Amino acid sequence: MARAVVPFLMFDEVAENAMRFYISLFSDSGIKHIEQYGPDEQGKEGAIKRADFTVSGCDMIYIDSPVKHDFTFTPSMSIFVDCEDEGELIKAFNQLSSEGEVLMPLDNYGFSTKFGWVNDRFGVSWQLNLQ
């Protein structure tokens with residue numbers, strides 16, 4: 001039996017910026033542990049070897065890949081957030097879509113009071129929902 005299921009996101013030298021940005025948007029968020037690459041290790045010195053943190057109570061793991069890849073994030077896998085109130089939803093939507101891409105603008109699509117879907121500036125896809 002699995003002990004835990006945790007989203008694991010791989011970045012290219014922006015993992016710490018992304019993590020700090022995300023925890024600034026939602027309550028009950030914080031850093032648990034950060035391990036950085038040191039000198040003579042596979043990754044760039046100072047880049048994130050592994051970061052464990054929470055976003056709105058959800059455990060997450062981020063890394064900066066030491067290997068360059070020809071792929072990145074896709075909206076087919078996204079982070080879904082049930083927002084506490086409309087203020088939180090609007091703030092998160094505006095900040096996540098800044099320098100990113102709006103996939104579905106904030107609106108009532110019939111399945112919730114207000115919903116929006118964005119790709120942020122790091123390429124991560126977020127679905128923001130208000131019941």
# chains A, B, ... in the order shown; residues from 1 in each chain; ligands from 1
call {"tool": "select_by_dssp", "arguments": {"residues": "chain A", "states": "helix (DSSP H, G or I)", "output": "ChimeraX atom specification"}}
result
/A:15-25,86-97
call {"tool": "residues_around", "arguments": {"residues": "range 7-22 of chain A", "least_positions_apart": "2", "cutoff": "6 Å", "atoms": "only C-alpha atoms", "output": "JSON, numbers by chain"}}
result
{"A": [24, 25, 47, 60, 61, 62, 63, 64, 65]}
call {"tool": "atom_distance", "arguments": {"atom1": "CA of Ser56 in chain A", "atom2": "CA of Gly87 in chain A"}}
result
15.2 Å
call {"tool": "closest_residue", "arguments": {"among": "A:Glu88, A:Glu35, A:Glu101, A:Asp120", "to": "Ile48 in chain A", "atoms": "only C-alpha atoms"}}
result
A:Glu35
call {"tool": "residues_around", "arguments": {"residues": "range 90-97 of chain A", "least_positions_apart": "4", "cutoff": "9 Å", "atoms": "only C-alpha atoms", "output": "PyMOL selection string"}}
result
chain A and resi 21-22+25-26+83+85-86+101-102+105-106+116-121+126-128
call {"tool": "write_last_selection", "arguments": {"atoms": "C-alpha atoms", "output": "PDB file, in the first residue's frame"}}
result
ATOM      1  CA  PHE A  21       5.382  32.446  -5.383  1.00  0.00           C
ATOM      2  CA  TYR A  22       2.804  29.697  -4.801  1.00  0.00           C
ATOM      3  CA  LEU A  25      -0.857  33.025  -2.703  1.00  0.00           C
ATOM      4  CA  PHE A  26      -2.636  30.590  -0.379  1.00  0.00           C
ATOM      5  CA  CYS A  83     -10.747  28.665  -3.005  1.00  0.00           C
ATOM      6  CA  ASP A  85     -13.776  32.916  -0.952  1.00  0.00           C
ATOM      7  CA  GLU A  86     -14.077  35.120  -4.041  1.00  0.00           C
ATOM      8  CA  GLU A 101      -1.894  32.407 -20.138  1.00  0.00           C
ATOM      9  CA  VAL A 102      -5.616  32.380 -19.382  1.00  0.00           C
ATOM     10  CA  PRO A 105     -11.430  33.330 -17.810  1.00  0.00           C
ATOM     11  CA  LEU A 106     -13.191  33.656 -14.472  1.00  0.00           C
ATOM     12  CA  GLY A 116     -10.904  30.001 -13.955  1.00  0.00           C
ATOM     13  CA  TRP A 117      -8.043  28.044 -15.522  1.00  0.00           C
ATOM     14  CA  VAL A 118      -4.567  29.461 -16.163  1.00  0.00           C
ATOM     15  CA  ASN A 119      -1.039  28.470 -17.065  1.00  0.00           C
ATOM     16  CA  ASP A 120       1.298  30.518 -14.878  1.00  0.00           C
ATOM     17  CA  ARG A 121       4.616  32.073 -15.918  1.00  0.00           C
ATOM     18  CA  TRP A 126      -4.000  25.856 -12.258  1.00  0.00           C
ATOM     19  CA  GLN A 127      -7.744  25.374 -12.035  1.00  0.00           C
ATOM     20  CA  LEU A 128      -9.246  27.784  -9.511  1.00  0.00           C
TER      21      LEU A 128
END
call {"tool": "decode", "arguments": {"residues": "range 44-85 of chain A", "atoms": "N, CA and C atoms", "output": "mmCIF file, in the first residue's frame"}}
result
data_model
loop_
_atom_site.group_PDB
_atom_site.id
_atom_site.type_symbol
_atom_site.label_atom_id
_atom_site.label_comp_id
_atom_site.auth_asym_id
_atom_site.auth_seq_id
_atom_site.Cartn_x
_atom_site.Cartn_y
_atom_site.Cartn_z
ATOM 1 N N LYS A 44 23.110 22.428 -11.029
ATOM 2 C CA LYS A 44 23.763 23.727 -10.864
ATOM 3 C C LYS A 44 23.812 24.086 -9.379
ATOM 4 N N GLU A 45 24.952 24.519 -8.911
ATOM 5 C CA GLU A 45 25.101 24.868 -7.505
ATOM 6 C C GLU A 45 24.048 25.894 -7.090
ATOM 7 N N GLY A 46 23.339 25.601 -5.993
ATOM 8 C CA GLY A 46 22.305 26.496 -5.482
ATOM 9 C C GLY A 46 20.908 26.198 -6.002
ATOM 10 N N ALA A 47 20.800 25.428 -7.088
ATOM 11 C CA ALA A 47 19.487 25.055 -7.617
ATOM 12 C C ALA A 47 18.845 24.033 -6.669
ATOM 13 N N ILE A 48 17.549 23.866 -6.799
ATOM 14 C CA ILE A 48 16.805 22.992 -5.896
ATOM 15 C C ILE A 48 17.000 21.518 -6.258
ATOM 16 N N LYS A 49 17.636 20.799 -5.365
ATOM 17 C CA LYS A 49 17.780 19.347 -5.502
ATOM 18 C C LYS A 49 16.454 18.689 -5.117
ATOM 19 N N ARG A 50 15.835 19.207 -4.052
ATOM 20 C CA ARG A 50 14.507 18.771 -3.645
ATOM 21 C C ARG A 50 13.956 19.786 -2.641
ATOM 22 N N ALA A 51 12.708 20.177 -2.865
ATOM 23 C CA ALA A 51 12.007 21.049 -1.921
ATOM 24 C C ALA A 51 10.689 20.382 -1.556
ATOM 25 N N ASP A 52 10.443 20.239 -0.269
ATOM 26 C CA ASP A 52 9.185 19.709 0.249
ATOM 27 C C ASP A 52 8.445 20.872 0.902
ATOM 28 N N PHE A 53 7.203 21.085 0.509
ATOM 29 C CA PHE A 53 6.435 22.204 1.049
ATOM 30 C C PHE A 53 4.951 21.915 0.898
ATOM 31 N N THR A 54 4.133 22.811 1.405
ATOM 32 C CA THR A 54 2.685 22.673 1.279
ATOM 33 C C THR A 54 2.104 23.909 0.622
ATOM 34 N N VAL A 55 1.092 23.691 -0.200
ATOM 35 C CA VAL A 55 0.293 24.770 -0.785
ATOM 36 C C VAL A 55 -1.146 24.506 -0.355
ATOM 37 N N SER A 56 -1.670 25.405 0.457
ATOM 38 C CA SER A 56 -3.027 25.260 0.981
ATOM 39 C C SER A 56 -3.250 23.867 1.590
ATOM 40 N N GLY A 57 -2.258 23.414 2.347
ATOM 41 C CA GLY A 57 -2.354 22.134 3.036
ATOM 42 C C GLY A 57 -1.979 20.918 2.212
ATOM 43 N N CYS A 58 -1.733 21.087 0.912
ATOM 44 C CA CYS A 58 -1.363 19.965 0.039
ATOM 45 C C CYS A 58 0.157 19.849 -0.033
ATOM 46 N N ASP A 59 0.669 18.679 0.323
ATOM 47 C CA ASP A 59 2.111 18.447 0.215
ATOM 48 C C ASP A 59 2.524 18.422 -1.250
ATOM 49 N N MET A 60 3.685 19.015 -1.528
ATOM 50 C CA MET A 60 4.226 19.040 -2.882
ATOM 51 C C MET A 60 5.739 18.862 -2.815
ATOM 52 N N ILE A 61 6.310 18.390 -3.907
ATOM 53 C CA ILE A 61 7.754 18.265 -4.049
ATOM 54 C C ILE A 61 8.143 18.929 -5.364
ATOM 55 N N TYR A 62 9.184 19.763 -5.316
ATOM 56 C CA TYR A 62 9.705 20.415 -6.521
ATOM 57 C C TYR A 62 11.189 20.142 -6.617
ATOM 58 N N ILE A 63 11.673 20.060 -7.844
ATOM 59 C CA ILE A 63 13.110 19.968 -8.104
ATOM 60 C C ILE A 63 13.465 20.857 -9.296
ATOM 61 N N ASP A 64 14.735 21.181 -9.392
ATOM 62 C CA ASP A 64 15.317 21.726 -10.620
ATOM 63 C C ASP A 64 16.067 20.564 -11.243
ATOM 64 N N SER A 65 15.634 20.131 -12.405
ATOM 65 C CA SER A 65 16.260 18.976 -13.039
ATOM 66 C C SER A 65 17.697 19.305 -13.434
ATOM 67 N N PRO A 66 18.632 18.431 -13.094
ATOM 68 C CA PRO A 66 20.006 18.643 -13.535
ATOM 69 C C PRO A 66 20.186 18.309 -15.023
ATOM 70 N N VAL A 67 19.176 17.657 -15.594
ATOM 71 C CA VAL A 67 19.214 17.256 -17.000
ATOM 72 C C VAL A 67 18.234 18.132 -17.781
ATOM 73 N N LYS A 68 18.647 18.653 -18.900
ATOM 74 C CA LYS A 68 17.760 19.444 -19.758
ATOM 75 C C LYS A 68 16.863 18.492 -20.544
ATOM 76 N N HIS A 69 15.565 18.814 -20.574
ATOM 77 C CA HIS A 69 14.590 17.970 -21.264
ATOM 78 C C HIS A 69 13.904 18.746 -22.377
ATOM 79 N N ASP A 70 13.373 18.039 -23.344
ATOM 80 C CA ASP A 70 12.635 18.657 -24.445
ATOM 81 C C ASP A 70 11.149 18.769 -24.130
ATOM 82 N N PHE A 71 10.762 18.613 -22.874
ATOM 83 C CA PHE A 71 9.356 18.707 -22.493
ATOM 84 C C PHE A 71 9.216 19.600 -21.270
ATOM 85 N N THR A 72 8.001 20.049 -21.049
ATOM 86 C CA THR A 72 7.678 20.870 -19.887
ATOM 87 C C THR A 72 6.271 20.501 -19.433
ATOM 88 N N PHE A 73 5.612 21.391 -18.746
ATOM 89 C CA PHE A 73 4.275 21.113 -18.234
ATOM 90 C C PHE A 73 3.223 21.210 -19.333
ATOM 91 N N THR A 74 2.079 20.583 -19.090
ATOM 92 C CA THR A 74 0.951 20.630 -20.012
ATOM 93 C C THR A 74 -0.328 20.815 -19.196
ATOM 94 N N PRO A 75 -1.347 21.490 -19.736
ATOM 95 C CA PRO A 75 -2.595 21.666 -18.994
ATOM 96 C C PRO A 75 -3.351 20.362 -18.734
ATOM 97 N N SER A 76 -2.964 19.272 -19.391
ATOM 98 C CA SER A 76 -3.666 18.016 -19.134
ATOM 99 C C SER A 76 -3.435 17.533 -17.702
ATOM 100 N N MET A 77 -2.424 18.080 -17.022
ATOM 101 C CA MET A 77 -2.188 17.837 -15.601
ATOM 102 C C MET A 77 -2.156 19.204 -14.941
ATOM 103 N N SER A 78 -3.091 19.432 -14.022
ATOM 104 C CA SER A 78 -3.159 20.748 -13.405
ATOM 105 C C SER A 78 -3.361 20.634 -11.903
ATOM 106 N N ILE A 79 -3.137 21.741 -11.219
ATOM 107 C CA ILE A 79 -3.380 21.821 -9.780
ATOM 108 C C ILE A 79 -4.756 22.454 -9.607
ATOM 109 N N PHE A 80 -5.656 21.749 -8.948
ATOM 110 C CA PHE A 80 -7.035 22.209 -8.745
ATOM 111 C C PHE A 80 -7.137 22.758 -7.328
ATOM 112 N N VAL A 81 -7.616 24.002 -7.217
ATOM 113 C CA VAL A 81 -7.728 24.656 -5.918
ATOM 114 C C VAL A 81 -9.175 25.081 -5.688
ATOM 115 N N ASP A 82 -9.790 24.558 -4.626
ATOM 116 C CA ASP A 82 -11.081 25.060 -4.167
ATOM 117 C C ASP A 82 -10.792 26.247 -3.260
ATOM 118 N N CYS A 83 -11.070 27.449 -3.749
ATOM 119 C CA CYS A 83 -10.747 28.665 -3.005
ATOM 120 C C CYS A 83 -11.741 28.893 -1.869
ATOM 121 N N GLU A 84 -11.250 29.540 -0.825
ATOM 122 C CA GLU A 84 -12.049 29.800 0.368
ATOM 123 C C GLU A 84 -13.140 30.825 0.109
ATOM 124 N N ASP A 85 -12.801 31.864 -0.661
ATOM 125 C CA ASP A 85 -13.776 32.916 -0.952
ATOM 126 C C ASP A 85 -13.417 33.586 -2.280
#
